[in-house]
Amino acid sequence: MSRGHLPADRRKKAAASSRCKYKLTLEYDGTGFSGWQSQTNARSIQGTLSDAARELFGGEVDLQGAGRTDAGVHALAQVAHLETPRPLALQRIIHGLNDLLPAPINVLKVEAAPSEFHARHSARQRSYLYLISRVRTAFGKRYVWWVKDDLDLGRMRAAAEIFQGFHDFASFADRRIDKHVSTEVQIDRTELAVWGDLIVFRIVGSHFLWKMVRRLVGIMVETGRGNLSPAEVKKMLSEASALPAQCTAPPSGLFLAQVLYDGDRLAPLTLPPFPFFLR
């Protein structure tokens with residue numbers, strides 16, 4: 001029996017077995033994009049990258065990311081898996097995609113991946129950075145949140161420590177988006193460091209809810225301003241509160257820094273590689 005006369009279910013299995021899977025690591029400037037996730041009539045990272053992959057491979061592809069970053073949020077090392085209709089050399093994929101992609105999106109690495117690898121489901125931890133500038137900046141505006149008020153770093157660190165551990169972050173979720181998702185999240189590490197005029201917050205956890213990190217940062221800043229006590233912050237983890245939504249930090253300062261899989265180690269806390277941040 002020829003392949004053209006195979007039953008439909010066997011043709012599907014044959015087509016699936018011929019597809020190839022790759023692990024992509026990429027960086028992007030999220031300014032001007034609607035976020036990671038493909039949307040109708042909106043410019044997204046996933047949609048732009050999928051279009052480039054379809055053109056490169058000459059057929060339909062499936063692209064899934066490890067984290068669905070929000071509009072205006074950046075990535076230093078987003079991870080995605082790409083299923084393609086045919087194989088190509090790794091160097092041809094990275095150069096081919098980057099030739100087709102706009103400047104704000106850059107593929108850093110391409111690796112062959114086993115069929116069971118899934119960028120989101122296989123991930124064990126995600127690490128995010130948030131940059132707060134204590135001075136007004138022209139060149140770094142799209143990558144920081146400028147907070148002109150004096151901030152008490154000790155109070156901010158106390159608030160950050162409260163977030164560590166396994167908690168219900170319902171007060172920090174956007175329930176319009178995460179309607180049917182558990183709001184319980186494991187936070188493994190929070191760090192607050194100072195580089196010159198920058199306050200750098202790093203948070204590492206199993207996963208994060210929509211806008212969760214930006215709302216945690218907003219509450220930390222309110223604590224640093226002296227408008228909230230650590231006790232009030234702690235109460236938000238046990239009782240519903242609308243305040244985090246009102247204090248959501250802007251997307252400009254947020255970066256998906258690292259996605260960790262089995263065997264990966266958390267990278268040292270460093271600034272993004274932008275030369276104009278320190279003065």
# chains A, B, ... in the order shown; residues from 1 in each chain; ligands from 1
>>> residues_around(residues="stretch 158-162 of chain A", least_positions_apart="6", cutoff="7 Å", atoms="only C-alpha atoms", output="ChimeraX atom specification")
/A:190,220,230,233-234
>>> residues_around(residues="A:Ser50", least_positions_apart="4", cutoff="8 Å", atoms="only C-alpha atoms", output="PyMOL selection string")
chain A and resi 46+54+61-63
>>> residues_around(residues="A:Ile93", least_positions_apart="6", cutoff="9 Å", atoms="only C-alpha atoms", output="list in words")
Ala53, Leu56, Phe57 and Val110 of chain A
>>> write_last_selection(atoms="C-alpha atoms", output="compact mmCIF listing (two decimals), in the first residue's frame")
# COMPACT_ATOMS: atom_id res chain seq x y z
CA ALA A 53 10.32 29.68 11.42
CA LEU A 56 12.74 29.14 7.07
CA PHE A 57 11.37 25.59 7.15
CA VAL A 110 19.64 26.28 19.06
>>> atom_distance(atom1="atom CA of A:Asp99", atom2="atom CA of A:Phe117")
26.1 Å
>>> residues_around(residues="stretch 133-147 of chain A", least_positions_apart="4", cutoff="12 Å", atoms="only C-alpha atoms", output="compact mmCIF listing (two decimals) with C-alpha atoms, in the first residue's frame")
# COMPACT_ATOMS: atom_id res chain seq x y z
CA TYR A 28 14.21 40.11 23.20
CA ASP A 29 13.29 43.69 23.90
CA GLY A 30 9.58 43.50 24.65
CA THR A 31 8.93 47.19 23.98
CA GLY A 32 6.33 47.53 21.24
CA GLY A 72 6.53 45.36 27.26
CA VAL A 73 8.39 42.72 29.32
CA HIS A 74 11.85 41.66 28.15
CA ALA A 75 13.80 38.39 28.14
CA LEU A 76 17.49 37.70 28.58
CA LEU A 129 14.92 40.36 37.33
CA LEU A 151 13.22 53.91 49.31
CA ASP A 152 14.14 52.10 52.50
CA LEU A 153 16.05 49.05 51.30
CA VAL A 194 22.22 47.69 44.59
CA TRP A 195 24.44 48.65 41.65
CA GLY A 196 25.07 52.38 41.54
CA ASP A 197 21.70 54.05 41.01
CA LEU A 198 19.95 50.75 40.32
CA ILE A 199 18.02 48.54 42.73
CA VAL A 200 17.94 44.99 41.30
CA PHE A 201 15.36 42.52 42.50
CA ARG A 214 5.17 43.21 38.79
CA VAL A 217 7.59 44.65 43.05
CA GLY A 218 4.87 47.29 43.40
CA VAL A 221 8.18 49.70 46.57
CA GLU A 222 5.18 50.81 48.63
CA GLY A 224 10.09 50.94 50.83
CA ARG A 225 8.21 54.23 50.64
CA THR A 248 1.39 46.96 39.64
CA ALA A 249 4.89 48.02 38.58
CA PRO A 250 5.37 48.96 34.90
CA PRO A 251 6.55 46.23 32.51
CA SER A 252 9.64 48.16 31.40
CA GLY A 253 11.81 46.99 34.30
CA LEU A 254 10.99 43.28 34.12
CA PHE A 255 13.22 40.64 32.50
CA LEU A 271 22.97 43.12 35.61
CA PRO A 272 21.68 42.74 32.05
CA PRO A 273 24.52 43.45 29.59
CA PHE A 274 23.61 47.06 28.88
CA PRO A 275 26.51 49.53 29.10
CA PHE A 276 24.48 52.61 29.98
CA PHE A 277 22.99 51.43 33.28
CA LEU A 278 25.83 52.32 35.65
CA ARG A 279 27.08 55.85 36.17
>>> select_by_dssp(residues="stretch 19-182 of chain A", states="strand (DSSP E)", output="number ranges by chain")
A: 20-28, 62-65, 74-84, 105-112, 125-133, 145-146, 165-168
>>> write_last_selection(atoms="C-alpha atoms", output="PDB file, in the first residue's frame")
ATOM      1  CA  CYS A  20      11.961  17.458  14.378  1.00  0.00           C
ATOM      2  CA  LYS A  21      12.153  19.280  17.692  1.00  0.00           C
ATOM      3  CA  TYR A  22      14.625  21.974  18.739  1.00  0.00           C
ATOM      4  CA  LYS A  23      15.265  23.902  21.934  1.00  0.00           C
ATOM      5  CA  LEU A  24      15.719  27.635  21.334  1.00  0.00           C
ATOM      6  CA  THR A  25      17.195  30.172  23.757  1.00  0.00           C
ATOM      7  CA  LEU A  26      16.452  33.760  22.818  1.00  0.00           C
ATOM      8  CA  GLU A  27      16.591  37.318  24.052  1.00  0.00           C
ATOM      9  CA  TYR A  28      14.207  40.110  23.203  1.00  0.00           C
ATOM     10  CA  ASP A  62       4.758  24.578  16.459  1.00  0.00           C
ATOM     11  CA  LEU A  63       6.465  26.992  18.832  1.00  0.00           C
ATOM     12  CA  GLN A  64       5.886  27.024  22.606  1.00  0.00           C
ATOM     13  CA  GLY A  65       7.654  29.170  25.205  1.00  0.00           C
ATOM     14  CA  HIS A  74      11.845  41.659  28.145  1.00  0.00           C
ATOM     15  CA  ALA A  75      13.800  38.395  28.143  1.00  0.00           C
ATOM     16  CA  LEU A  76      17.492  37.705  28.582  1.00  0.00           C
ATOM     17  CA  ALA A  77      17.114  33.943  28.083  1.00  0.00           C
ATOM     18  CA  GLN A  78      13.601  32.864  27.181  1.00  0.00           C
ATOM     19  CA  VAL A  79      13.413  29.188  26.188  1.00  0.00           C
ATOM     20  CA  ALA A  80      11.099  27.779  23.530  1.00  0.00           C
ATOM     21  CA  HIS A  81      10.695  24.479  21.765  1.00  0.00           C
ATOM     22  CA  LEU A  82      10.194  24.425  18.014  1.00  0.00           C
ATOM     23  CA  GLU A  83       8.680  21.485  16.136  1.00  0.00           C
ATOM     24  CA  THR A  84       9.434  21.567  12.426  1.00  0.00           C
ATOM     25  CA  ILE A 105      14.421  39.517  18.845  1.00  0.00           C
ATOM     26  CA  ASN A 106      17.641  37.517  18.781  1.00  0.00           C
ATOM     27  CA  VAL A 107      18.086  33.734  18.908  1.00  0.00           C
ATOM     28  CA  LEU A 108      21.095  32.989  21.109  1.00  0.00           C
ATOM     29  CA  LYS A 109      21.268  29.211  20.872  1.00  0.00           C
ATOM     30  CA  VAL A 110      19.641  26.281  19.064  1.00  0.00           C
ATOM     31  CA  GLU A 111      19.910  22.687  20.278  1.00  0.00           C
ATOM     32  CA  ALA A 112      18.366  19.422  19.135  1.00  0.00           C
ATOM     33  CA  GLN A 125      12.338  27.006  37.875  1.00  0.00           C
ATOM     34  CA  ARG A 126      12.101  30.478  36.384  1.00  0.00           C
ATOM     35  CA  SER A 127      14.194  33.474  37.376  1.00  0.00           C
ATOM     36  CA  TYR A 128      13.096  37.064  36.830  1.00  0.00           C
ATOM     37  CA  LEU A 129      14.916  40.356  37.334  1.00  0.00           C
ATOM     38  CA  TYR A 130      13.317  43.724  37.992  1.00  0.00           C
ATOM     39  CA  LEU A 131      15.304  46.963  37.687  1.00  0.00           C
ATOM     40  CA  ILE A 132      14.385  50.096  39.629  1.00  0.00           C
ATOM     41  CA  SER A 133      16.287  53.281  38.882  1.00  0.00           C
ATOM     42  CA  TRP A 145      11.149  51.831  36.531  1.00  0.00           C
ATOM     43  CA  TRP A 146      12.223  55.241  37.745  1.00  0.00           C
ATOM     44  CA  GLY A 165       8.251  29.702  50.441  1.00  0.00           C
ATOM     45  CA  PHE A 166       4.993  28.103  49.313  1.00  0.00           C
ATOM     46  CA  HIS A 167       2.108  30.585  49.433  1.00  0.00           C
ATOM     47  CA  ASP A 168      -1.240  31.390  47.889  1.00  0.00           C
TER      48      ASP A 168
END
>>> atom_distance(atom1="atom CA of A:Gln186", atom2="atom CA of A:Phe33")
28.8 Å
>>> closest_residue(among="A:Pro85, A:Ala257, A:Ile45, A:Ser38", to="A:Gly59", atoms="only C-alpha atoms")
A:Pro85
